$ cat query21.csv   # CSV, C-alpha atoms
chain,number,residue,atom,x,y,z
A,1,MET,CA,8.6,-15.8,12.7
A,2,ARG,CA,9.9,-12.8,11.0
A,3,GLU,CA,13.5,-12.9,10.1
A,4,HIS,CA,15.9,-10.0,10.0
A,5,LEU,CA,17.7,-9.1,6.8
A,6,ASP,CA,21.5,-9.2,6.8
A,7,GLN,CA,23.5,-6.1,6.1
A,8,ALA,CA,23.9,-6.8,2.4
A,9,ASP,CA,20.2,-7.4,1.9
A,10,ARG,CA,19.4,-4.2,3.7
A,11,ARG,CA,21.8,-2.3,1.5
A,12,LEU,CA,20.3,-3.8,-1.6
A,13,VAL,CA,16.8,-2.9,-0.5
A,14,LYS,CA,17.9,0.7,0.4
A,15,LEU,CA,19.5,1.1,-3.1
A,16,LEU,CA,16.4,-0.1,-4.8
A,17,SER,CA,14.2,2.1,-2.6
A,18,GLN,CA,16.2,5.1,-3.7
A,19,ASP,CA,16.0,4.1,-7.4
A,20,ALA,CA,14.4,0.9,-8.5
A,21,GLN,CA,15.7,1.4,-12.1
A,22,HIS,CA,19.2,0.4,-11.1
A,23,SER,CA,20.4,-2.5,-13.2
A,24,ILE,CA,21.9,-5.6,-11.6
A,25,SER,CA,25.3,-4.4,-12.8
A,26,GLN,CA,24.9,-1.0,-11.2
A,27,LEU,CA,23.7,-2.6,-8.0
A,28,SER,CA,26.7,-5.0,-8.1
A,29,GLU,CA,29.1,-2.1,-8.5
A,30,LYS,CA,27.6,0.0,-5.7
A,31,MET,CA,27.5,-3.0,-3.4
A,32,ALA,CA,31.0,-4.2,-4.3
A,33,MET,CA,29.6,-7.7,-5.0
A,34,SER,CA,29.5,-9.9,-8.0
A,35,VAL,CA,26.6,-9.7,-10.4
A,36,PRO,CA,25.5,-13.4,-9.7
A,37,THR,CA,25.5,-12.7,-6.0
A,38,VAL,CA,23.4,-9.6,-6.3
A,39,ARG,CA,21.1,-11.3,-8.7
A,40,SER,CA,20.7,-14.3,-6.3
A,41,ARG,CA,20.1,-12.0,-3.3
A,42,LEU,CA,17.5,-10.0,-5.3
A,43,ARG,CA,15.7,-13.1,-6.5
A,44,ASN,CA,15.7,-14.5,-2.9
A,45,LEU,CA,14.1,-11.3,-1.5
A,46,LEU,CA,11.5,-11.4,-4.3
A,47,ASP,CA,10.7,-15.1,-3.9
A,48,ARG,CA,10.3,-14.8,-0.1
A,49,ASN,CA,7.9,-11.9,-0.6
A,50,LEU,CA,10.1,-9.6,1.3
A,51,LEU,CA,10.6,-7.1,-1.5
A,52,ARG,CA,8.4,-6.0,-4.4
A,53,ILE,CA,9.6,-3.6,-7.1
A,54,VAL,CA,6.8,-1.3,-8.2
A,55,GLY,CA,6.2,2.1,-9.6
A,56,LEU,CA,4.9,4.6,-7.0
A,57,LEU,CA,2.6,7.4,-7.8
A,58,ASN,CA,2.9,10.8,-6.2
A,59,LEU,CA,-0.5,11.2,-4.7
A,60,THR,CA,-0.1,14.9,-4.1
A,61,GLU,CA,0.1,15.5,-7.8
A,62,ARG,CA,-3.0,13.5,-8.8
A,63,PRO,CA,-6.2,15.6,-8.2
A,64,GLU,CA,-8.4,12.8,-9.6
A,65,LEU,CA,-7.5,10.5,-6.8
A,66,ILE,CA,-9.1,10.7,-3.3
A,67,SER,CA,-7.1,9.4,-0.4
A,68,ALA,CA,-8.8,8.5,2.9
A,69,ILE,CA,-7.9,6.8,6.2
A,70,VAL,CA,-10.6,4.6,7.7
A,71,GLY,CA,-10.5,3.7,11.4
A,72,ILE,CA,-12.4,0.5,12.2
A,73,ASN,CA,-13.7,-0.9,15.5
A,74,ALA,CA,-14.1,-4.7,15.2
A,75,GLN,CA,-16.0,-7.2,17.3
A,76,GLY,CA,-13.9,-10.1,18.5
A,77,ARG,CA,-10.5,-8.5,18.9
A,78,GLY,CA,-8.7,-11.8,18.8
A,79,ARG,CA,-9.6,-11.9,15.1
A,80,ALA,CA,-8.6,-8.4,14.1
A,81,ARG,CA,-5.7,-9.6,12.0
A,82,GLU,CA,-7.9,-12.0,10.0
A,83,LEU,CA,-10.3,-9.1,9.3
A,84,ALA,CA,-7.5,-6.8,8.3
A,85,GLU,CA,-6.1,-9.4,5.9
A,86,ARG,CA,-9.6,-9.7,4.2
A,87,ILE,CA,-9.9,-5.9,4.0
A,88,ALA,CA,-6.4,-5.6,2.6
A,89,GLN,CA,-7.5,-7.7,-0.4
A,90,LEU,CA,-10.4,-5.3,-1.3
A,91,PRO,CA,-10.2,-3.0,-4.4
A,92,PHE,CA,-9.1,0.5,-3.6
A,93,VAL,CA,-7.3,-0.5,-0.4
A,94,ASN,CA,-3.6,0.3,-0.1
A,95,SER,CA,-3.2,-1.4,3.3
A,96,ALA,CA,-5.0,-2.5,6.4
A,97,SER,CA,-3.1,-2.5,9.8
A,98,VAL,CA,-4.0,-3.8,13.2
A,99,VAL,CA,-3.2,-0.9,15.6
A,100,THR,CA,-3.3,0.2,19.2
A,101,GLY,CA,-5.4,3.1,20.3
A,102,ARG,CA,-9.1,4.0,19.7
A,103,PHE,CA,-9.4,1.9,16.6
A,104,ASP,CA,-8.6,-1.8,16.0
A,105,ILE,CA,-7.7,-1.5,12.3
A,106,ILE,CA,-6.6,1.4,10.2
A,107,VAL,CA,-7.2,1.2,6.5
A,108,ASP,CA,-5.5,3.4,3.8
A,109,VAL,CA,-7.8,3.8,0.8
A,110,THR,CA,-7.4,5.5,-2.6
A,111,VAL,CA,-10.3,5.9,-5.0
A,112,THR,CA,-10.8,7.5,-8.3
A,113,GLY,CA,-13.7,9.7,-9.2
A,114,ASP,CA,-15.7,11.2,-6.5
A,115,VAL,CA,-16.8,10.7,-2.9
A,116,ALA,CA,-19.5,8.2,-4.1
A,117,ASP,CA,-16.7,5.7,-4.8
A,118,LEU,CA,-15.3,6.4,-1.3
A,119,TYR,CA,-18.8,6.0,0.2
A,120,ARG,CA,-19.2,2.6,-1.5
A,121,VAL,CA,-15.8,1.4,-0.2
A,122,THR,CA,-16.5,2.5,3.4
A,123,SER,CA,-20.2,1.6,3.6
A,124,GLU,CA,-20.3,-1.6,1.5
A,125,LEU,CA,-16.9,-3.2,0.7
A,126,ILE,CA,-15.2,-2.8,4.1
A,127,PRO,CA,-18.2,-3.9,6.2
A,128,GLY,CA,-18.8,-6.8,3.8
A,129,ALA,CA,-15.3,-8.1,4.4
A,130,GLY,CA,-16.3,-9.2,7.8
A,131,GLU,CA,-19.0,-11.4,9.2
A,132,PRO,CA,-22.3,-9.7,10.0
A,133,GLY,CA,-21.7,-7.4,13.0
A,134,GLU,CA,-17.9,-7.9,13.0
A,135,VAL,CA,-17.3,-4.3,11.8
A,136,VAL,CA,-18.9,-2.5,14.7
A,137,ARG,CA,-18.1,1.1,13.7
A,138,SER,CA,-15.9,3.0,11.3
A,139,GLU,CA,-14.8,6.6,10.9
A,140,THR,CA,-13.4,8.0,7.7
A,141,PHE,CA,-10.8,10.7,7.4
A,142,VAL,CA,-10.6,12.2,3.9
A,143,VAL,CA,-7.0,13.4,3.3
A,144,MET,CA,-7.1,17.1,2.3
A,145,ALA,CA,-3.4,17.5,1.7
A,146,SER,CA,-0.4,15.1,1.8
A,147,CYS,CA,3.3,15.7,2.1
A,148,ASN,CA,5.6,13.0,0.5
A,149,LYS,CA,2.8,10.5,0.0
A,150,TRP,CA,3.8,8.0,-2.7
A,151,ILE,CA,1.5,5.1,-3.3
A,152,ASN,CA,1.3,1.8,-5.2
A,153,LEU,CA,-2.0,2.3,-7.0
A,154,PRO,CA,-4.4,-0.2,-5.5
A,155,GLU,CA,-6.5,-2.5,-7.6
A,156,GLY,CA,-9.7,-0.8,-8.8
A,157,CYS,CA,-8.2,2.5,-9.6
A,158,TRP,CA,-7.9,3.3,-13.3
A,159,PRO,CA,-9.2,0.0,-14.5
A,160,GLU,CA,-7.9,-1.1,-17.9
A,161,GLY,CA,-9.8,0.4,-20.8
A,162,ALA,CA,-11.5,3.0,-18.6
A,163,GLU,CA,-10.7,6.6,-19.1
A,164,ALA,CA,-9.7,8.6,-16.0
A,165,PRO,CA,-12.4,11.1,-15.0
A,166,VAL,CA,-11.6,14.7,-15.6
A,167,ARG,CA,-11.9,16.9,-12.5
A,168,LYS,CA,-12.8,20.5,-13.2
A,169,GLU,CA,-10.7,22.9,-11.2
A,170,MET,CA,-12.4,25.8,-9.4
A,171,ALA,CA,-11.7,29.2,-11.0
$ encode --input "query21.csv" --output "C-alpha cells"
Amino acid sequence: MREHLDQADRRLVKLLSQDAQHSISQLSEKMAMSVPTVRSRLRNLLDRNLLRIVGLLNLTERPELISAIVGINAQGRGRARELAERIAQLPFVNSASVVTGRFDIIVDVTVTGDVADLYRVTSELIPGAGEPGEVVRSETFVVMASCNKWINLPEGCWPEGAEAPVRKEMA
C-alpha cells in the first residue's frame, strides 16, 4: 500500500524539486529543523525509493534528442502492469504507465540520433518486452514541440565514450 508523506517530508521534497543543489544546512534552515533531522528524513525518503535526486535535461533545448509517446494495446489486460514494468526497464524509455482510454499503456521515449533509433525502439524493443502477441498494437506520436519538458535522460542516450551526433540545422 502506498503511504502518504507527512507535511515535513512534502516540504523537503518541494524544496529539492525547486533546487536540488540545496545543502542539508540550507534545507535545515528553510524548514526550521535540525540538520540531523533533515538528513535523517532525506535518507529515509531515498532509502524507501520515494525520492531520487537527479539532474534534469531541458528537452526543448536539445535538438539531437527525439521525444515520442507510444500508445500500446496489450492482450490480457490483467497483466498490463507487468508489461509496463518490463517496458519501463528498456533503454530509451523514460516511463511506462498503465492508463485508461483507448490505450492500455503509454510509454514516454527519448532517443538520440534519428528516427531509425525510434523505429528500433517501437518495432523491436517494446514488442520484445512482452510475450509473443502480448503487444497487440502500438501507435507512436513524435513530439514536434514541447513546453516545460524536463527529463531524466534514459539509459541508452549518449552512451559513455560515444560522441553525440551532430544534427545539421536547415538554412
$ atom_distance --input "query21.csv" --atom1 "atom CA of A:Val121" --atom2 "atom CA of A:Leu51"
27.8 Å
$ residues_around --input "query21.csv" --residues "A:Ile151" --least-positions-apart "5" --cutoff "7 Å" --atoms "all atoms listed in the file" --output "list in words"
Leu56, Leu57, Asn58 and Leu59 of chain A
$ residues_around --input "query21.csv" --residues "A:Val142" --least-positions-apart "6" --cutoff "8 Å" --atoms "all atoms listed in the file" --output "PyMOL selection string"
chain A and resi 66-69
$ write_last_selection --input "query21.csv" --atoms "C-alpha atoms" --output "short mmCIF file (atom, residue, chain, number, x, y, z; two decimals), in the frame of the given file"
data_model
loop_
_atom_site.label_atom_id
_atom_site.label_comp_id
_atom_site.auth_asym_id
_atom_site.auth_seq_id
_atom_site.Cartn_x
_atom_site.Cartn_y
_atom_site.Cartn_z
CA ILE A 66 -9.10 10.70 -3.30
CA SER A 67 -7.10 9.40 -0.40
CA ALA A 68 -8.80 8.50 2.90
CA ILE A 69 -7.90 6.80 6.20
#
$ atom_distance --input "query21.csv" --atom1 "atom CA of A:Cys157" --atom2 "atom CA of A:Gly113"
9.1 Å
$ closest_residue --input "query21.csv" --among "A:Cys147, A:Val136, A:Leu153, A:Leu65" --to "A:Val93" --atoms "only C-alpha atoms"
A:Leu153
$ closest_residue --input "query21.csv" --among "A:Asp117, A:Asp6, A:Asp47, A:Asp104" --to "A:Leu83" --atoms "all atoms listed in the file"
A:Asp104
$ closest_residue --input "query21.csv" --among "A:Thr60, A:Leu46, A:Tyr119, A:Val13" --to "A:Asn148" --atoms "all atoms listed in the file"
A:Thr60
$ residues_around --input "query21.csv" --residues "A:Ala8" --least-positions-apart "2" --cutoff "10 Å" --atoms "all atoms listed in the file" --output "list in words"
Leu5, Asp6, Arg10, Arg11, Leu12, Val13, Lys14, Met31, Met33, Val38 and Arg41 of chain A
$ write_last_selection --input "query21.csv" --atoms "C-alpha atoms" --output "compact mmCIF listing (two decimals), in the coordinates of the input"
# COMPACT_ATOMS: atom_id res chain seq x y z
CA LEU A 5 17.70 -9.10 6.80
CA ASP A 6 21.50 -9.20 6.80
CA ARG A 10 19.40 -4.20 3.70
CA ARG A 11 21.80 -2.30 1.50
CA LEU A 12 20.30 -3.80 -1.60
CA VAL A 13 16.80 -2.90 -0.50
CA LYS A 14 17.90 0.70 0.40
CA MET A 31 27.50 -3.00 -3.40
CA MET A 33 29.60 -7.70 -5.00
CA VAL A 38 23.40 -9.60 -6.30
CA ARG A 41 20.10 -12.00 -3.30
$ residues_around --input "query21.csv" --residues "A:Gly133" --least-positions-apart "5" --cutoff "9 Å" --atoms "only C-alpha atoms" --output "PDB file with C-alpha atoms, keeping the file's coordinate frame"
ATOM      1  CA  ALA A  74     -14.100  -4.700  15.200  1.00  0.00           C
ATOM      2  CA  GLN A  75     -16.000  -7.200  17.300  1.00  0.00           C
ATOM      3  CA  PRO A 127     -18.200  -3.900   6.200  1.00  0.00           C
TER       4      PRO A 127
END
$ atom_distance --input "query21.csv" --atom1 "atom CA of A:Ala20" --atom2 "atom CA of A:Ile53"
6.7 Å
$ residues_around --input "query21.csv" --residues "A:Trp158" --least-positions-apart "6" --cutoff "12 Å" --atoms "only C-alpha atoms" --output "NGL selection string"
:A and (64-65 or 91-92 or 110-113 or 164-165)
$ closest_residue --input "query21.csv" --among "A:Ala96, A:Val115, A:Ile72, A:Gly55" --to "A:Ser17" --atoms "all atoms listed in the file"
A:Gly55
$ closest_residue --input "query21.csv" --among "A:Glu155, A:Gly71, A:Arg120, A:Ser25" --to "A:Val98" --atoms "only C-alpha atoms"
A:Gly71
$ closest_residue --input "query21.csv" --among "A:Val54, A:Leu118, A:Ala145, A:Ile105" --to "A:Gln21" --atoms "only C-alpha atoms"
A:Val54
